[in-house]
Amino acid sequence: MRISDILTRERVLCDVNLASKKAALETLANLMAAADNALSGHQAFAGLLARERLGGTGLGHGVALPHGRVQNSVTTTAAFLKLKQGVDYDAVDRQPVDLMFALLVPEDSTQEHLQILAQLAGRFNQPAFLARLRQQDSATTLYQLLTE
């Protein structure tokens with residue numbers, strides 16, 4: 001699956017001012033819920049939060065990949081935030097997170113979920129890619145980088 005299959009330009013925000021992990025997760029959840037008629041913002045947030053309770057999704061280097069499974073959804077949906085300032089995210093390296101790629105998959109999409117996460121983790125583990133994302137000041141350019 002390509003990133004462009006699950007992420008749209010409308011679900012990419014640049015230089016967002018948010019003060020907390022919770023606010024960031026709520027923003028991501030609402031972006032994804034707006035793309036799926038079967039999903040409410042509350043359900044999307046609950047899906048992300050359930051996964052966070054199992055263990056944080058902060059990868060380190062200022063990156064988080066919040067993800068979860070949701071009932072009643074038949075589509076995989078993603079959203080991306082580039083924060084103006086990093087937030088405390090309980091990341092493995094204890095650094096603030098300023099890049100967040102969120103993913104919600106239907107409850108029974110185990111294999112697809114793991115494949116997408118592996119693809120994302122590989123990309124977000126590249127220092128040059130992270131630097132390019134952080135240099136951008138437009139959501140359109142961020143979307144282009146994420147989907148190329």
# chains A, B, ... in the order shown; residues from 1 in each chain; ligands from 1
call {"tool": "residues_around", "arguments": {"residues": "stretch 16-32 of chain A", "least_positions_apart": "3", "cutoff": "7 Å", "atoms": "only C-alpha atoms", "output": "mmCIF file with N, CA and C atoms, in the first residue's frame"}}
result
data_model
loop_
_atom_site.group_PDB
_atom_site.id
_atom_site.type_symbol
_atom_site.label_atom_id
_atom_site.label_comp_id
_atom_site.auth_asym_id
_atom_site.auth_seq_id
_atom_site.Cartn_x
_atom_site.Cartn_y
_atom_site.Cartn_z
ATOM 1 N N ARG A 11 -5.404 16.106 5.230
ATOM 2 C CA ARG A 11 -5.074 15.525 6.533
ATOM 3 C C ARG A 11 -3.597 15.720 6.889
ATOM 4 N N LEU A 13 -1.163 18.782 8.325
ATOM 5 C CA LEU A 13 -1.115 20.138 8.871
ATOM 6 C C LEU A 13 0.329 20.505 9.184
ATOM 7 N N ALA A 35 -12.573 11.990 7.467
ATOM 8 C CA ALA A 35 -12.406 11.272 6.197
ATOM 9 C C ALA A 35 -13.188 9.963 6.139
ATOM 10 N N ASP A 36 -13.791 9.559 7.256
ATOM 11 C CA ASP A 36 -14.458 8.260 7.323
ATOM 12 C C ASP A 36 -15.836 8.445 7.954
ATOM 13 N N GLY A 41 -14.889 11.329 15.792
ATOM 14 C CA GLY A 41 -13.643 11.793 16.392
ATOM 15 C C GLY A 41 -13.361 11.089 17.701
ATOM 16 N N ALA A 44 -12.075 7.557 16.932
ATOM 17 C CA ALA A 44 -10.705 7.634 16.423
ATOM 18 C C ALA A 44 -9.730 7.910 17.565
ATOM 19 N N PHE A 45 -10.090 8.854 18.439
ATOM 20 C CA PHE A 45 -9.236 9.185 19.588
ATOM 21 C C PHE A 45 -9.096 7.981 20.507
ATOM 22 N N THR A 77 -6.864 4.872 7.297
ATOM 23 C CA THR A 77 -6.777 6.325 7.183
ATOM 24 C C THR A 77 -5.550 6.825 7.946
ATOM 25 N N ALA A 78 -4.937 7.877 7.408
ATOM 26 C CA ALA A 78 -3.759 8.457 8.045
ATOM 27 C C ALA A 78 -3.883 9.979 8.111
ATOM 28 N N ALA A 79 -3.110 10.563 9.015
ATOM 29 C CA ALA A 79 -3.006 12.017 9.138
ATOM 30 C C ALA A 79 -1.596 12.337 9.608
ATOM 31 N N LYS A 82 2.973 18.411 11.600
ATOM 32 C CA LYS A 82 4.285 18.978 11.910
ATOM 33 C C LYS A 82 3.996 20.101 12.897
ATOM 34 N N LEU A 83 4.444 19.908 14.128
ATOM 35 C CA LEU A 83 4.170 20.877 15.182
ATOM 36 C C LEU A 83 5.179 22.022 15.153
ATOM 37 N N LYS A 84 4.701 23.178 15.550
ATOM 38 C CA LYS A 84 5.586 24.346 15.627
ATOM 39 C C LYS A 84 6.659 24.116 16.692
ATOM 40 N N GLN A 85 6.249 23.533 17.812
ATOM 41 C CA GLN A 85 7.173 23.168 18.887
ATOM 42 C C GLN A 85 6.853 21.748 19.330
ATOM 43 N N VAL A 87 6.219 18.462 21.638
ATOM 44 C CA VAL A 87 5.479 18.221 22.876
ATOM 45 C C VAL A 87 6.074 17.003 23.584
ATOM 46 N N ASP A 88 5.906 16.979 24.892
ATOM 47 C CA ASP A 88 6.334 15.816 25.675
ATOM 48 C C ASP A 88 5.458 14.643 25.262
ATOM 49 N N TYR A 89 6.088 13.558 24.817
ATOM 50 C CA TYR A 89 5.348 12.440 24.261
ATOM 51 C C TYR A 89 5.752 11.105 24.890
ATOM 52 N N ALA A 102 -0.132 9.607 12.079
ATOM 53 C CA ALA A 102 -1.105 8.740 12.736
ATOM 54 C C ALA A 102 -1.776 7.823 11.728
#
call {"tool": "residues_around", "arguments": {"residues": "A:Ala131", "least_positions_apart": "3", "cutoff": "12 Å", "atoms": "only C-alpha atoms", "output": "PDB file with N, CA, C and O atoms, in the first residue's frame"}}
result
ATOM      1  N   HIS A  61      13.931  10.780  18.124  1.00  0.00           N
ATOM      2  CA  HIS A  61      14.318  11.776  17.114  1.00  0.00           C
ATOM      3  C   HIS A  61      13.178  12.727  16.782  1.00  0.00           C
ATOM      4  O   HIS A  61      13.076  13.224  15.658  1.00  0.00           O
ATOM      5  N   GLY A  62      12.246  12.947  17.736  1.00  0.00           N
ATOM      6  CA  GLY A  62      11.153  13.880  17.525  1.00  0.00           C
ATOM      7  C   GLY A  62       9.994  13.332  16.721  1.00  0.00           C
ATOM      8  O   GLY A  62       9.151  14.094  16.252  1.00  0.00           O
ATOM      9  N   VAL A  63       9.916  12.009  16.567  1.00  0.00           N
ATOM     10  CA  VAL A  63       8.890  11.383  15.723  1.00  0.00           C
ATOM     11  C   VAL A  63       7.997  10.461  16.555  1.00  0.00           C
ATOM     12  O   VAL A  63       8.482   9.723  17.412  1.00  0.00           O
ATOM     13  N   LYS A  82       2.973  18.411  11.600  1.00  0.00           N
ATOM     14  CA  LYS A  82       4.285  18.978  11.910  1.00  0.00           C
ATOM     15  C   LYS A  82       3.996  20.101  12.897  1.00  0.00           C
ATOM     16  O   LYS A  82       3.332  21.076  12.575  1.00  0.00           O
ATOM     17  N   ASP A  98       7.828  16.477  17.407  1.00  0.00           N
ATOM     18  CA  ASP A  98       7.282  17.532  16.551  1.00  0.00           C
ATOM     19  C   ASP A  98       6.756  17.007  15.221  1.00  0.00           C
ATOM     20  O   ASP A  98       6.123  17.744  14.465  1.00  0.00           O
ATOM     21  N   LEU A  99       6.982  15.732  14.927  1.00  0.00           N
ATOM     22  CA  LEU A  99       6.468  15.095  13.707  1.00  0.00           C
ATOM     23  C   LEU A  99       5.623  13.892  14.108  1.00  0.00           C
ATOM     24  O   LEU A  99       6.118  12.974  14.773  1.00  0.00           O
ATOM     25  N   ARG A 123      10.938   4.859   6.914  1.00  0.00           N
ATOM     26  CA  ARG A 123      11.088   6.228   6.394  1.00  0.00           C
ATOM     27  C   ARG A 123      11.434   7.208   7.499  1.00  0.00           C
ATOM     28  O   ARG A 123      12.262   8.092   7.326  1.00  0.00           O
ATOM     29  N   PHE A 124      10.758   7.088   8.644  1.00  0.00           N
ATOM     30  CA  PHE A 124      10.964   8.041   9.730  1.00  0.00           C
ATOM     31  C   PHE A 124      12.223   7.735  10.547  1.00  0.00           C
ATOM     32  O   PHE A 124      12.499   8.404  11.531  1.00  0.00           O
ATOM     33  N   ASN A 125      12.984   6.754  10.114  1.00  0.00           N
ATOM     34  CA  ASN A 125      14.265   6.450  10.742  1.00  0.00           C
ATOM     35  C   ASN A 125      15.423   7.001   9.912  1.00  0.00           C
ATOM     36  O   ASN A 125      16.577   6.719  10.198  1.00  0.00           O
ATOM     37  N   GLN A 126      15.112   7.784   8.896  1.00  0.00           N
ATOM     38  CA  GLN A 126      16.129   8.365   8.016  1.00  0.00           C
ATOM     39  C   GLN A 126      16.349   9.832   8.378  1.00  0.00           C
ATOM     40  O   GLN A 126      15.467  10.670   8.135  1.00  0.00           O
ATOM     41  N   PRO A 127      17.511  10.176   8.942  1.00  0.00           N
ATOM     42  CA  PRO A 127      17.768  11.554   9.353  1.00  0.00           C
ATOM     43  C   PRO A 127      17.585  12.579   8.229  1.00  0.00           C
ATOM     44  O   PRO A 127      17.057  13.671   8.467  1.00  0.00           O
ATOM     45  N   ALA A 128      17.977  12.249   7.018  1.00  0.00           N
ATOM     46  CA  ALA A 128      17.832  13.198   5.911  1.00  0.00           C
ATOM     47  C   ALA A 128      16.359  13.470   5.609  1.00  0.00           C
ATOM     48  O   ALA A 128      15.975  14.611   5.322  1.00  0.00           O
ATOM     49  N   ARG A 134      11.239  18.779   8.393  1.00  0.00           N
ATOM     50  CA  ARG A 134      11.310  19.914   9.331  1.00  0.00           C
ATOM     51  C   ARG A 134      11.612  21.235   8.635  1.00  0.00           C
ATOM     52  O   ARG A 134      11.301  22.295   9.165  1.00  0.00           O
ATOM     53  N   GLN A 135      12.184  21.197   7.470  1.00  0.00           N
ATOM     54  CA  GLN A 135      12.496  22.428   6.724  1.00  0.00           C
ATOM     55  C   GLN A 135      11.279  23.015   6.018  1.00  0.00           C
ATOM     56  O   GLN A 135      11.309  24.175   5.608  1.00  0.00           O
ATOM     57  N   GLN A 136      10.236  22.252   5.880  1.00  0.00           N
ATOM     58  CA  GLN A 136       9.079  22.696   5.105  1.00  0.00           C
ATOM     59  C   GLN A 136       8.194  23.644   5.907  1.00  0.00           C
ATOM     60  O   GLN A 136       8.070  23.507   7.121  1.00  0.00           O
ATOM     61  N   LEU A 142       4.793  19.239   2.467  1.00  0.00           N
ATOM     62  CA  LEU A 142       4.907  18.090   3.362  1.00  0.00           C
ATOM     63  C   LEU A 142       4.190  16.879   2.761  1.00  0.00           C
ATOM     64  O   LEU A 142       4.736  15.771   2.771  1.00  0.00           O
ATOM     65  N   LEU A 145       6.274  15.344   0.031  1.00  0.00           N
ATOM     66  CA  LEU A 145       7.412  14.571   0.562  1.00  0.00           C
ATOM     67  C   LEU A 145       6.942  13.243   1.155  1.00  0.00           C
ATOM     68  O   LEU A 145       7.602  12.209   0.957  1.00  0.00           O
TER      69      LEU A 145
END
call {"tool": "closest_residue", "arguments": {"among": "A:Gln43, A:Gln95, A:Gln119, A:Ser73", "to": "A:Thr147", "atoms": "only C-alpha atoms"}}
result
A:Gln119
call {"tool": "select_by_dssp", "arguments": {"residues": "stretch 9-38 of chain A", "states": "strand (DSSP E or B)", "output": "PyMOL selection string"}}
result
chain A and resi 12-16
call {"tool": "closest_atom_pairs", "arguments": {"of": "stretch 69-105 of chain A", "to": "stretch 114-118 of chain A", "cutoff": "10 Å", "atoms": "only C-alpha atoms", "output": "CSV"}}
result
residue,atom,partner,partner_atom,distance
A:Thr76,CA,A:Ile116,CA,9.9
A:Ala102,CA,A:Leu117,CA,9.9
A:Leu103,CA,A:Leu117,CA,8.4
A:Val105,CA,A:Ile116,CA,9.9
call {"tool": "write_last_selection", "arguments": {"atoms": "C-alpha atoms", "output": "compact mmCIF listing (two decimals), in the first residue's frame"}}
result
# COMPACT_ATOMS: atom_id res chain seq x y z
CA THR A 76 -7.28 2.62 6.52
CA ALA A 102 -1.11 8.74 12.74
CA LEU A 103 -2.72 5.62 11.35
CA VAL A 105 -6.96 0.63 10.45
call {"tool": "atom_distance", "arguments": {"atom1": "atom CA of A:Thr75", "atom2": "atom CA of A:Ile6"}}
result
8.3 Å
call {"tool": "closest_residue", "arguments": {"among": "A:Cys14, A:Leu7, A:Leu48, A:Ala64", "to": "A:Pro96", "atoms": "only C-alpha atoms"}}
result
A:Ala64
call {"tool": "decode", "arguments": {"residues": "stretch 36-49 of chain A", "atoms": "N, CA and C atoms", "output": "PDB file, in the first residue's frame"}}
result
ATOM      1  N   ASP A  36     -13.791   9.559   7.256  1.00  0.00           N
ATOM      2  CA  ASP A  36     -14.458   8.260   7.323  1.00  0.00           C
ATOM      3  C   ASP A  36     -15.836   8.445   7.954  1.00  0.00           C
ATOM      4  N   ASN A  37     -16.875   8.336   7.148  1.00  0.00           N
ATOM      5  CA  ASN A  37     -18.243   8.551   7.634  1.00  0.00           C
ATOM      6  C   ASN A  37     -18.647   7.581   8.739  1.00  0.00           C
ATOM      7  N   ALA A  38     -18.003   6.438   8.805  1.00  0.00           N
ATOM      8  CA  ALA A  38     -18.347   5.439   9.817  1.00  0.00           C
ATOM      9  C   ALA A  38     -17.628   5.675  11.136  1.00  0.00           C
ATOM     10  N   LEU A  39     -16.832   6.726  11.206  1.00  0.00           N
ATOM     11  CA  LEU A  39     -15.957   6.943  12.354  1.00  0.00           C
ATOM     12  C   LEU A  39     -16.185   8.323  12.957  1.00  0.00           C
ATOM     13  N   SER A  40     -16.317   8.383  14.272  1.00  0.00           N
ATOM     14  CA  SER A  40     -16.424   9.672  14.954  1.00  0.00           C
ATOM     15  C   SER A  40     -15.050  10.067  15.492  1.00  0.00           C
ATOM     16  N   GLY A  41     -14.889  11.329  15.792  1.00  0.00           N
ATOM     17  CA  GLY A  41     -13.643  11.793  16.392  1.00  0.00           C
ATOM     18  C   GLY A  41     -13.361  11.089  17.701  1.00  0.00           C
ATOM     19  N   HIS A  42     -14.417  10.834  18.469  1.00  0.00           N
ATOM     20  CA  HIS A  42     -14.266  10.131  19.752  1.00  0.00           C
ATOM     21  C   HIS A  42     -13.756   8.705  19.536  1.00  0.00           C
ATOM     22  N   GLN A  43     -14.333   7.995  18.543  1.00  0.00           N
ATOM     23  CA  GLN A  43     -13.884   6.627  18.261  1.00  0.00           C
ATOM     24  C   GLN A  43     -12.428   6.619  17.792  1.00  0.00           C
ATOM     25  N   ALA A  44     -12.075   7.557  16.932  1.00  0.00           N
ATOM     26  CA  ALA A  44     -10.705   7.634  16.423  1.00  0.00           C
ATOM     27  C   ALA A  44      -9.730   7.910  17.565  1.00  0.00           C
ATOM     28  N   PHE A  45     -10.090   8.854  18.439  1.00  0.00           N
ATOM     29  CA  PHE A  45      -9.236   9.185  19.588  1.00  0.00           C
ATOM     30  C   PHE A  45      -9.096   7.981  20.507  1.00  0.00           C
ATOM     31  N   ALA A  46     -10.206   7.275  20.743  1.00  0.00           N
ATOM     32  CA  ALA A  46     -10.167   6.089  21.606  1.00  0.00           C
ATOM     33  C   ALA A  46      -9.258   5.017  21.011  1.00  0.00           C
ATOM     34  N   GLY A  47      -9.292   4.855  19.683  1.00  0.00           N
ATOM     35  CA  GLY A  47      -8.421   3.881  19.029  1.00  0.00           C
ATOM     36  C   GLY A  47      -6.952   4.217  19.204  1.00  0.00           C
ATOM     37  N   LEU A  48      -6.614   5.491  19.057  1.00  0.00           N
ATOM     38  CA  LEU A  48      -5.220   5.921  19.251  1.00  0.00           C
ATOM     39  C   LEU A  48      -4.809   5.782  20.710  1.00  0.00           C
ATOM     40  N   LEU A  49      -5.686   6.195  21.606  1.00  0.00           N
ATOM     41  CA  LEU A  49      -5.375   6.156  23.037  1.00  0.00           C
ATOM     42  C   LEU A  49      -5.214   4.731  23.549  1.00  0.00           C
TER      43      LEU A  49
END
